[in-house]
Structure formats: C-alpha cells, structure tokens
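Chemist: My structure is in input_27.pdb, and what it holds is PDB, C-alpha atoms and all ligand atoms:
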```
MODEL        1
ATOM      1  CA  MET A   1      -6.413  13.630  23.179
ATOM      2  CA  SER A   2      -3.875  13.062  25.923
ATOM      3  CA  GLY A   3      -1.566  10.371  24.524
ATOM      4  CA  PHE A   4       1.040  10.745  21.823
ATOM      5  CA  ILE A   5       2.234   8.858  18.776
ATOM      6  CA  LEU A   6       5.611   7.137  18.601
ATOM      7  CA  LEU A   7       6.111   6.756  14.890
ATOM      8  CA  VAL A   8       8.918   4.661  13.429
ATOM      9  CA  SER A   9       9.985   4.386   9.812
ATOM     10  CA  GLY A  10      13.007   3.019   8.016
ATOM     11  CA  PRO A  11      14.043   0.484   5.427
ATOM     12  CA  SER A  12      12.384  -2.891   5.579
ATOM     13  CA  GLY A  13      14.815  -5.227   7.366
ATOM     14  CA  ALA A  14      16.472  -2.524   9.490
ATOM     15  CA  GLY A  15      15.086  -4.006  12.713
ATOM     16  CA  LYS A  16      11.987  -1.914  13.468
ATOM     17  CA  SER A  17       9.772  -4.856  14.484
ATOM     18  CA  THR A  18      12.565  -6.385  16.575
ATOM     19  CA  LEU A  19      13.049  -3.148  18.522
ATOM     20  CA  LEU A  20       9.315  -2.524  18.898
ATOM     21  CA  LYS A  21       8.795  -6.038  20.231
ATOM     22  CA  LYS A  22      11.266  -5.279  23.021
ATOM     23  CA  LEU A  23       9.549  -1.979  23.720
ATOM     24  CA  PHE A  24       6.188  -3.739  24.076
ATOM     25  CA  GLU A  25       7.694  -6.277  26.448
ATOM     26  CA  GLU A  26       8.829  -3.467  28.735
ATOM     27  CA  PHE A  27       6.012  -0.906  28.379
ATOM     28  CA  GLU A  28       3.077  -3.166  27.497
ATOM     29  CA  THR A  29       0.366  -1.385  29.509
ATOM     30  CA  GLU A  30       1.204   2.087  28.224
ATOM     31  CA  LEU A  31       1.498   1.293  24.543
ATOM     32  CA  TYR A  32      -1.038   0.660  21.820
ATOM     33  CA  PHE A  33       0.195  -0.946  18.607
ATOM     34  CA  SER A  34      -1.724   0.322  15.609
ATOM     35  CA  ILE A  35      -2.403  -2.731  13.462
ATOM     36  CA  SER A  36      -2.289  -1.603   9.859
ATOM     37  CA  SER A  37      -4.369  -2.949   7.018
ATOM     38  CA  THR A  38      -2.423  -4.317   4.080
ATOM     39  CA  THR A  39      -3.026  -5.978   0.754
ATOM     40  CA  ARG A  40       0.288  -7.852   1.117
ATOM     41  CA  LEU A  41       0.047 -11.605   1.677
ATOM     42  CA  PRO A  42       0.841 -12.834   5.211
ATOM     43  CA  ARG A  43       4.294 -14.259   5.908
ATOM     44  CA  GLU A  44       4.524 -17.715   7.460
ATOM     45  CA  ASP A  45       4.579 -16.484  11.069
ATOM     46  CA  GLU A  46       2.112 -13.613  10.636
ATOM     47  CA  LYS A  47      -1.449 -13.665  11.953
ATOM     48  CA  ASN A  48      -4.429 -11.658  10.800
ATOM     49  CA  GLY A  49      -5.393  -9.110  13.459
ATOM     50  CA  VAL A  50      -2.032  -9.400  15.202
ATOM     51  CA  HIS A  51       0.632  -8.248  12.752
ATOM     52  CA  TYR A  52      -1.717  -6.767  10.156
ATOM     53  CA  TYR A  53      -5.298  -6.892   8.965
ATOM     54  CA  PHE A  54      -4.777  -8.742   5.696
ATOM     55  CA  VAL A  55      -7.403  -7.458   3.272
ATOM     56  CA  SER A  56      -8.164  -7.732  -0.433
ATOM     57  CA  HIS A  57      -7.444  -4.939  -2.868
ATOM     58  CA  ASP A  58     -11.200  -4.236  -3.159
ATOM     59  CA  GLU A  59     -11.657  -4.063   0.603
ATOM     60  CA  PHE A  60      -8.759  -1.633   0.854
ATOM     61  CA  GLN A  61     -10.219   0.618  -1.859
ATOM     62  CA  GLU A  62     -13.578   0.541  -0.070
ATOM     63  CA  ASP A  63     -11.871   1.611   3.185
ATOM     64  CA  ILE A  64     -10.205   4.518   1.377
ATOM     65  CA  LYS A  65     -13.620   5.630   0.098
ATOM     66  CA  ASN A  66     -15.103   5.403   3.601
ATOM     67  CA  ASP A  67     -12.325   7.577   5.115
ATOM     68  CA  TYR A  68     -11.229   4.717   7.329
ATOM     69  CA  PHE A  69      -7.563   5.713   7.178
ATOM     70  CA  LEU A  70      -5.523   8.319   9.010
ATOM     71  CA  GLU A  71      -3.026   7.701   6.201
ATOM     72  CA  TRP A  72      -2.400   5.093   3.539
ATOM     73  CA  ALA A  73       0.312   4.485   0.951
ATOM     74  CA  LYS A  74       1.497   2.106  -1.721
ATOM     75  CA  VAL A  75       4.775   0.518  -0.565
ATOM     76  CA  HIS A  76       6.671  -2.126  -2.573
ATOM     77  CA  GLU A  77       3.622  -2.731  -4.805
ATOM     78  CA  ASN A  78       1.213  -3.270  -1.886
ATOM     79  CA  PHE A  79      -1.154  -0.964  -0.043
ATOM     80  CA  TYR A  80      -0.797  -0.235   3.670
ATOM     81  CA  GLY A  81      -2.939   1.997   5.883
ATOM     82  CA  THR A  82      -3.517   3.118   9.486
ATOM     83  CA  SER A  83      -6.972   3.209  11.070
ATOM     84  CA  LEU A  84      -8.039   6.732  12.050
ATOM     85  CA  LYS A  85     -10.678   5.601  14.537
ATOM     86  CA  TYR A  86      -8.470   3.224  16.544
ATOM     87  CA  THR A  87      -5.623   5.751  16.632
ATOM     88  CA  GLU A  88      -7.909   8.482  17.968
ATOM     89  CA  GLU A  89      -9.515   6.164  20.505
ATOM     90  CA  ALA A  90      -6.138   5.079  21.857
ATOM     91  CA  LEU A  91      -4.920   8.693  22.052
ATOM     92  CA  ASN A  92      -8.075   9.660  23.939
ATOM     93  CA  ASN A  93      -7.381   6.846  26.370
ATOM     94  CA  GLY A  94      -3.961   8.373  27.055
ATOM     95  CA  LYS A  95      -2.032   5.641  25.269
ATOM     96  CA  ILE A  96       1.250   5.941  23.429
ATOM     97  CA  VAL A  97       0.251   4.863  19.939
ATOM     98  CA  VAL A  98       3.008   3.063  18.077
ATOM     99  CA  LEU A  99       2.959   3.403  14.295
ATOM    100  CA  ASP A 100       5.398   1.481  12.096
ATOM    101  CA  ILE A 101       4.780   3.164   8.768
ATOM    102  CA  ASP A 102       6.691   4.258   5.687
ATOM    103  CA  VAL A 103       7.987   7.715   4.811
ATOM    104  CA  GLN A 104       4.991   8.635   2.609
ATOM    105  CA  GLY A 105       2.572   7.723   5.382
ATOM    106  CA  TYR A 106       4.587   9.719   7.894
ATOM    107  CA  LYS A 107       4.298  12.860   5.787
ATOM    108  CA  ILE A 108       0.511  12.511   5.638
ATOM    109  CA  ALA A 109       0.147  11.727   9.353
ATOM    110  CA  LYS A 110       2.399  14.683  10.223
ATOM    111  CA  LYS A 111       0.126  17.100   8.371
ATOM    112  CA  LYS A 112      -2.863  15.896  10.391
ATOM    113  CA  LEU A 113      -1.382  15.278  13.843
ATOM    114  CA  GLN A 114       1.958  17.066  13.907
ATOM    115  CA  ASP A 115       2.058  18.068  17.577
ATOM    116  CA  LYS A 116       1.121  14.545  18.659
ATOM    117  CA  ILE A 117       3.945  12.766  16.822
ATOM    118  CA  VAL A 118       7.468  11.914  17.871
ATOM    119  CA  SER A 119       9.191  10.356  14.891
ATOM    120  CA  VAL A 120      12.146   7.983  14.765
ATOM    121  CA  PHE A 121      13.979   6.776  11.676
ATOM    122  CA  ILE A 122      15.631   3.382  12.123
ATOM    123  CA  THR A 123      18.205   2.103   9.669
ATOM    124  CA  THR A 124      21.322  -0.059   9.300
ATOM    125  CA  LYS A 125      24.916   1.193   9.093
ATOM    126  CA  ASP A 126      24.938   0.537   5.333
ATOM    127  CA  LYS A 127      23.055  -1.050   2.459
ATOM    128  CA  GLU A 128      25.119  -4.231   2.580
ATOM    129  CA  GLU A 129      24.037  -4.911   6.168
ATOM    130  CA  LEU A 130      20.407  -4.332   5.199
ATOM    131  CA  LYS A 131      20.738  -6.871   2.401
ATOM    132  CA  LYS A 132      22.271  -9.414   4.805
ATOM    133  CA  ARG A 133      19.373  -8.982   7.243
ATOM    134  CA  LEU A 134      16.756  -9.332   4.542
ATOM    135  CA  ILE A 135      18.444 -12.498   3.280
ATOM    136  CA  LYS A 136      18.679 -13.851   6.835
ATOM    137  CA  ARG A 137      15.024 -13.048   7.523
ATOM    138  CA  ASN A 138      14.194 -15.087   4.429
ATOM    139  CA  THR A 139      10.664 -13.753   3.886
ATOM    140  CA  ASP A 140      11.070 -12.267   0.401
ATOM    141  CA  THR A 141      11.633 -13.575  -3.094
ATOM    142  CA  ILE A 142      14.671 -12.221  -4.968
ATOM    143  CA  THR A 143      12.436  -9.747  -6.820
ATOM    144  CA  GLN A 144      10.804  -8.556  -3.602
ATOM    145  CA  LEU A 145      14.194  -8.260  -1.929
ATOM    146  CA  GLU A 146      15.539  -6.127  -4.776
ATOM    147  CA  LYS A 147      12.442  -3.932  -4.628
ATOM    148  CA  ARG A 148      12.889  -3.438  -0.872
ATOM    149  CA  LEU A 149      16.576  -2.497  -1.311
ATOM    150  CA  GLU A 150      15.738  -0.046  -4.083
ATOM    151  CA  ASN A 151      13.021   1.495  -1.936
ATOM    152  CA  ALA A 152      15.438   1.718   1.007
ATOM    153  CA  SER A 153      17.716   4.095  -0.924
ATOM    154  CA  ASP A 154      14.751   6.417  -1.529
ATOM    155  CA  GLU A 155      13.681   6.251   2.100
ATOM    156  CA  MET A 156      17.212   7.162   3.256
ATOM    157  CA  LYS A 157      16.812  10.500   1.443
ATOM    158  CA  GLU A 158      14.088  11.477   3.929
ATOM    159  CA  LEU A 159      16.127  11.124   7.146
ATOM    160  CA  CYS A 160      16.066  14.842   7.863
ATOM    161  CA  GLU A 161      12.256  14.833   8.201
ATOM    162  CA  TYR A 162      12.455  12.818  11.449
ATOM    163  CA  ASP A 163      12.993  13.934  15.062
ATOM    164  CA  TYR A 164      15.407  11.086  15.855
ATOM    165  CA  LEU A 165      17.704   8.730  13.976
ATOM    166  CA  ILE A 166      18.840   5.327  15.236
ATOM    167  CA  ILE A 167      21.472   3.375  13.339
ATOM    168  CA  ASN A 168      20.599  -0.106  14.494
ATOM    169  CA  ASP A 169      24.009  -1.718  14.692
ATOM    170  CA  LYS A 170      24.232  -3.217  18.207
ATOM    171  CA  LEU A 171      20.686  -4.194  19.137
ATOM    172  CA  ASP A 172      21.061  -3.438  22.861
ATOM    173  CA  GLN A 173      22.364   0.072  22.242
ATOM    174  CA  SER A 174      19.618   0.788  19.706
ATOM    175  CA  TYR A 175      17.019  -0.384  22.179
ATOM    176  CA  GLU A 176      18.452   1.898  24.879
ATOM    177  CA  ALA A 177      18.135   4.810  22.469
ATOM    178  CA  LEU A 178      14.544   3.981  21.567
ATOM    179  CA  ARG A 179      13.426   3.585  25.175
ATOM    180  CA  ALA A 180      15.187   6.844  26.114
ATOM    181  CA  ILE A 181      13.205   8.655  23.418
ATOM    182  CA  LEU A 182       9.970   7.139  24.696
ATOM    183  CA  ILE A 183      10.700   7.987  28.324
ATOM    184  CA  ALA A 184      11.760  11.566  27.556
ATOM    185  CA  HIS A 185       8.491  12.175  25.720
ATOM    186  CA  LYS A 186       6.417  10.732  28.513
ATOM    187  CA  PHE A 187       7.771  13.457  30.784
ATOM    188  CA  LYS A 188       7.157  16.435  28.496
ATOM    189  CA  THR A 189       4.971  19.014  30.250
ATOM    190  CA  LYS A 190       2.909  19.527  27.083
ATOM    191  CA  GLY A 191       1.442  16.030  27.169
ATOM    192  CA  GLN A 192       0.573  15.973  30.873
ATOM    193  CA  ASP A 193      -2.610  17.011  32.665
ATOM    194  CA  LEU A 194      -1.124  20.079  34.350
ATOM    195  CA  ASP A 195      -4.422  21.313  35.889
ATOM    196  CA  ARG A 196      -4.959  18.024  37.640
ATOM    197  CA  ILE A 197      -1.354  17.869  38.809
ATOM    198  CA  GLN A 198      -1.511  21.447  40.196
ATOM    199  CA  ASN A 199      -4.843  20.816  41.943
ATOM    200  CA  THR A 200      -3.579  17.646  43.550
ATOM    201  CA  TRP A 201      -0.395  19.420  44.588
ATOM    202  CA  ASN A 202      -2.315  22.255  46.265
ATOM    203  CA  LYS A 203      -4.638  19.865  48.096
ATOM    204  CA  GLY A 204      -1.591  18.356  49.713
ATOM    205  CA  GLU A 205      -0.733  21.705  51.379
TER     206      GLU A 205
HETATM  207  P1  LIG B   1      11.895  -4.520   9.980
HETATM  208  O1  LIG B   1      10.760  -4.649  10.958
HETATM  209  O2  LIG B   1      12.554  -3.179  10.026
HETATM  210  O3  LIG B   1      11.501  -4.917   8.594
HETATM  211  P2  LIG B   1      13.017  -6.842  11.411
HETATM  212  O4  LIG B   1      12.801  -6.426  12.828
HETATM  213  O5  LIG B   1      12.113  -7.863  10.831
HETATM  214  O6  LIG B   1      13.044  -5.544  10.445
HETATM  215  O7  LIG B   1      14.542  -7.317  11.313
HETATM  216  C1  LIG B   1      15.084  -7.882  10.117
HETATM  217  C2  LIG B   1      16.104  -8.955  10.509
HETATM  218  O8  LIG B   1      17.259  -8.343  11.106
HETATM  219  C3  LIG B   1      15.570  -9.962  11.510
HETATM  220  O9  LIG B   1      16.049 -11.253  11.154
HETATM  221  C4  LIG B   1      16.178  -9.509  12.842
HETATM  222  O10 LIG B   1      16.362 -10.581  13.742
HETATM  223  C5  LIG B   1      17.512  -8.911  12.395
HETATM  224  N1  LIG B   1      18.022  -7.806  13.250
HETATM  225  C6  LIG B   1      17.310  -6.807  13.820
HETATM  226  N2  LIG B   1      18.136  -5.963  14.499
HETATM  227  C7  LIG B   1      19.395  -6.461  14.361
HETATM  228  C8  LIG B   1      20.705  -6.031  14.822
HETATM  229  N3  LIG B   1      20.878  -4.924  15.554
HETATM  230  N4  LIG B   1      21.763  -6.781  14.454
HETATM  231  C9  LIG B   1      21.609  -7.892  13.682
HETATM  232  N5  LIG B   1      20.421  -8.356  13.217
HETATM  233  C10 LIG B   1      19.327  -7.640  13.542
HETATM  234  P1  LIG B   2       6.366  -5.073   5.561
HETATM  235  O1  LIG B   2       5.759  -5.557   4.287
HETATM  236  O2  LIG B   2       7.848  -5.354   5.646
HETATM  237  O3  LIG B   2       5.601  -5.510   6.780
HETATM  238  O4  LIG B   2       6.241  -3.475   5.563
HETATM  239  C1  LIG B   2       6.722  -2.750   4.467
HETATM  240  C2  LIG B   2       6.702  -1.268   4.768
HETATM  241  O5  LIG B   2       5.344  -0.824   4.956
HETATM  242  C3  LIG B   2       7.465  -0.869   6.038
HETATM  243  O6  LIG B   2       8.267   0.246   5.702
HETATM  244  C4  LIG B   2       6.376  -0.461   7.001
HETATM  245  O7  LIG B   2       6.826   0.568   7.886
HETATM  246  C5  LIG B   2       5.314   0.070   6.043
HETATM  247  N1  LIG B   2       3.972   0.075   6.627
HETATM  248  C6  LIG B   2       3.399  -0.848   7.449
HETATM  249  N2  LIG B   2       2.167  -0.453   7.807
HETATM  250  C7  LIG B   2       1.945   0.751   7.208
HETATM  251  C8  LIG B   2       0.846   1.679   7.215
HETATM  252  O8  LIG B   2      -0.193   1.483   7.835
HETATM  253  N3  LIG B   2       0.995   2.776   6.453
HETATM  254  C9  LIG B   2       2.127   3.055   5.737
HETATM  255  N4  LIG B   2       2.172   4.189   5.038
HETATM  256  N5  LIG B   2       3.180   2.207   5.718
HETATM  257  C10 LIG B   2       3.088   1.083   6.448
ENDMDL
END
```
How does this structure look as structure tokens?
Ligand code: ADP
Ligand code: 5GP
Modeler:
Amino acid sequence: MSGFILLVSGPSGAGKSTLLKKLFEEFETELYFSISSTTRLPREDEKNGVHYYFVSHDEFQEDIKNDYFLEWAKVHENFYGTSLKYTEEALNNGKIVVLDIDVQGYKIAKKKLQDKIVSVFITTKDKEELKKRLIKRNTDTITQLEKRLENASDEMKELCEYDYLIINDKLDQSYEALRAILIAHKFKTKGQDLDRIQNTWNKGE
C-alpha cells in the first residue's frame, strides 16, 4: 500500500467539508474521497453516491455482518461507516485517501492502519461560533442542532489524539494549514518508493 490516509474529524459545522472541497479543487488527481455509508437521510443538496451512500438500517447491519467496513460508528443517532475495500484499493493505487469521520471511527481506524494515517482535528474558536454556523447552514432541526452541539463538547475532549489541530477561524488561513499538512506528508521518505528512486538516480550517472 503506497498511499496514505488524510483523516479529518471535528464538530459538525466546523467547516470540514468546506475545507476538503477546496483541497479537492487543488489536488483532484491525487486524492480519493472515501464515500461513507450512512443511515442518515440526505440533505436537500446531497446526492447518493456523491456525498454518502444513503442506506437503510437493515442494509447497514448487513454490511457490518459482511465485514464491509474499515470502521463504523453511531453518531448523532445515525450510523456511519467507511468501506474497507475501496480504502485499500485507493491506497494500493498510491492515492491519498481522505476520510471525514468522527472521533470513535478514528480510534478504530488508527488501531488497524496507524502508520498510514495523518490525522487533523478541525474546530471553531468556540461553541458559540459553531452554533452560528450550524444555524446558518440550516440543515438541522432544533433537536438535531442541540444533539450536534452536545456531541461537539465530547469530541473536543479528544483533541490530543490527533496529529494536527486547525481552529477554522479565517477560512483562507485554515486552508493554507491543511494544504501544508498534505504537502509535508507527500514528501515523507517513508511513503515514497525509495528503491525505484535510487535505481533511477543511479541510471542517470
Ligand atoms: P462540516 O463539514 O464540518 O459539518 P461545513 O463545511 O458544512 O461543516 O460548514 C458549516 C458552515 O460553516 C457552512 O455554512 C460553511 O459555509 C461555514 N463555514 C465554513 N468555514 C467557515 C469559516 N472559516 N468562517 C465562516 N463560516 C465558515
Ligand atoms: P454529517 O451528518 O454532518 O454529514 O456527519 C456527522 C458526523 O459523522 C461527522 O462528524 C462526520 O465526520 C461523521 N462521519 C461521516 N462519515 C463517517 C464514517 O464513515 N464513519 C464515522 N465513524 N463517522 C463518519
């Protein structure tokens, strides 16, 4: 497996999708977005097979039984999971696999693929700002919004588990930080085909 996993977590509404969208615009050919399965209902602008695979509760349980998932978790009353097969395939093809998953899922994925993962926690400067963004996004009912805010406080307790932390205040600065993390990891010796590079280098003598 020659690629690596760029894994982002953080409270819902912090700006993960917004930042990842920019990353895909710039690094499209190198990245592979892992489309998760979820039992959550699609939002107005979400498409099956693009944002998520929207599945029934029974289908999700069946997938768990069939070991379809690298990891799965229950988040805000819904199930979410990452395909093992597609992740492995993309890694074998040398891609940078982007996972946007919650803290529970991260802990499971880390146990299985620790040396392949670079992890980034993305959050807002405070809870109030998170609330404002969730209200502005306008995709949740009041009950769902409260659940997401409550969950956010629990997720914030897990900051120390991550390699990097981005407080997404000014979008441009946060994006610079995220792309710097990506670029730095692309150049790590550990992930590169050193034999091939050395052979090519010698042939040039
Ligand atoms: P997440 O994917 O983490 O749930 P989103 O990317 O959907 O979050 O962002 C939630 C809302 O916050 C969106 O309306 C988005 O436009 C807005 N947003 C994202 N980043 C910023 C930022 N740095 N400043 C202000 N608003 C932001
Ligand atoms: P949303 O409903 O806002 O799209 O996502 C809610 C939460 O579920 C976010 O924290 C997101 O990172 C997380 N999530 C999305 N896909 C997965 C997944 O495949 N596995 C896990 N564990 N969490 C996920």
Chemist: For the file shown, what are the residues hit by the PyMOL selection byres (((chain A and resi 86-97) around 8) and not hetatm), laid out as a ChimeraX atom specification?
Modeler: /A:1-7,30-34,82-85,98-99
Chemist: Kindly provide, as a PyMOL selection string, all nucleotide and amino acid residues lying within 7 Å of ligand LIG 1 (chain B), counting all atoms listed in the file.
Modeler: chain A and resi 10-19+133-134+136-137+168-171
Chemist: Within 6 Å of ligand LIG 2 (chain B) (counting only C-alpha atoms and all ligand atoms), which residues show up? I'd like them as a ChimeraX atom specification.
Modeler: /A:9-12,36,72-73,75,80-82,100-102,104-105
Chemist: Taking all atoms listed in the file into account, name the residue in A:Leu130, A:Leu194, A:Ala180, A:Ala109 that is nearest to A:Glu146.
Modeler: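 Looking at the shortest contact to A:Glu146, the residue is A:Leu130.
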Chemist: Could you list, as a PyMOL selection string, every residue matched by the PyMOL selection byres (((chain A and resi 152) around 9) and not hetatm) in this structure?
Modeler: chain A and resi 10-12+127+130+147-151+153-157
Chemist: Pick out the residues sitting within 10 Å of A:Asn78, and hand them over as a VMD selection string; count only C-alpha atoms, and ignore anything fewer than 5 positions along from it in its own chain.
Modeler: chain A and resid 38 to 41 57 73
Chemist: In Å, how far is it from atom CA of A:Ile122 to atom CA of A:Val8?
Modeler: 7.0 Å
Chemist: Work out how far apart atom CA of A:Thr139 and atom CA of A:Lys22 are and give it in Å to one decimal.
Modeler: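 So the answer is 20.9 Å.
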Chemist: Mind checking which residues fall within 12 Å of A:Glu26, counting all atoms listed in the file, ignoring those fewer than 5 positions away in the same chain, and posting them as a tab-separated table (two decimals) with C-alpha atoms, in the coordinates of the input?
Modeler:
```
chain	number	residue	atom	x	y	z
A	19	LEU	CA	13.05	-3.15	18.52
A	20	LEU	CA	9.32	-2.52	18.90
A	21	LYS	CA	8.80	-6.04	20.23
A	31	LEU	CA	1.50	1.29	24.54
A	175	TYR	CA	17.02	-0.38	22.18
A	176	GLU	CA	18.45	1.90	24.88
A	178	LEU	CA	14.54	3.98	21.57
A	179	ARG	CA	13.43	3.58	25.18
A	182	LEU	CA	9.97	7.14	24.70
A	183	ILE	CA	10.70	7.99	28.32
```
Chemist: Give the answer as one residue: which of A:Phe24, A:Val118, A:Gln61, A:Tyr162 has the shortest atom-to-atom distance to A:Ala184, using only C-alpha atoms?
Modeler: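 Between A:Phe24, A:Val118, A:Gln61, A:Tyr162, the residue approaching A:Ala184 most closely is A:Val118.
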Chemist: So which one's closest to A:Val55, A:Thr143, A:Phe79, A:Lys116, A:Ile167? Using only C-alpha atoms, please.
Modeler: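 For A:Val55, the nearest of the given residues is A:Phe79.
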Chemist: Taking all atoms listed in the file into account, which of A:Leu23, A:Ile166, A:Val50, A:Leu70 comes nearest A:Ile108?
Modeler: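 Looking only at the distances to A:Ile108, the closest residue turns out to be A:Leu70.
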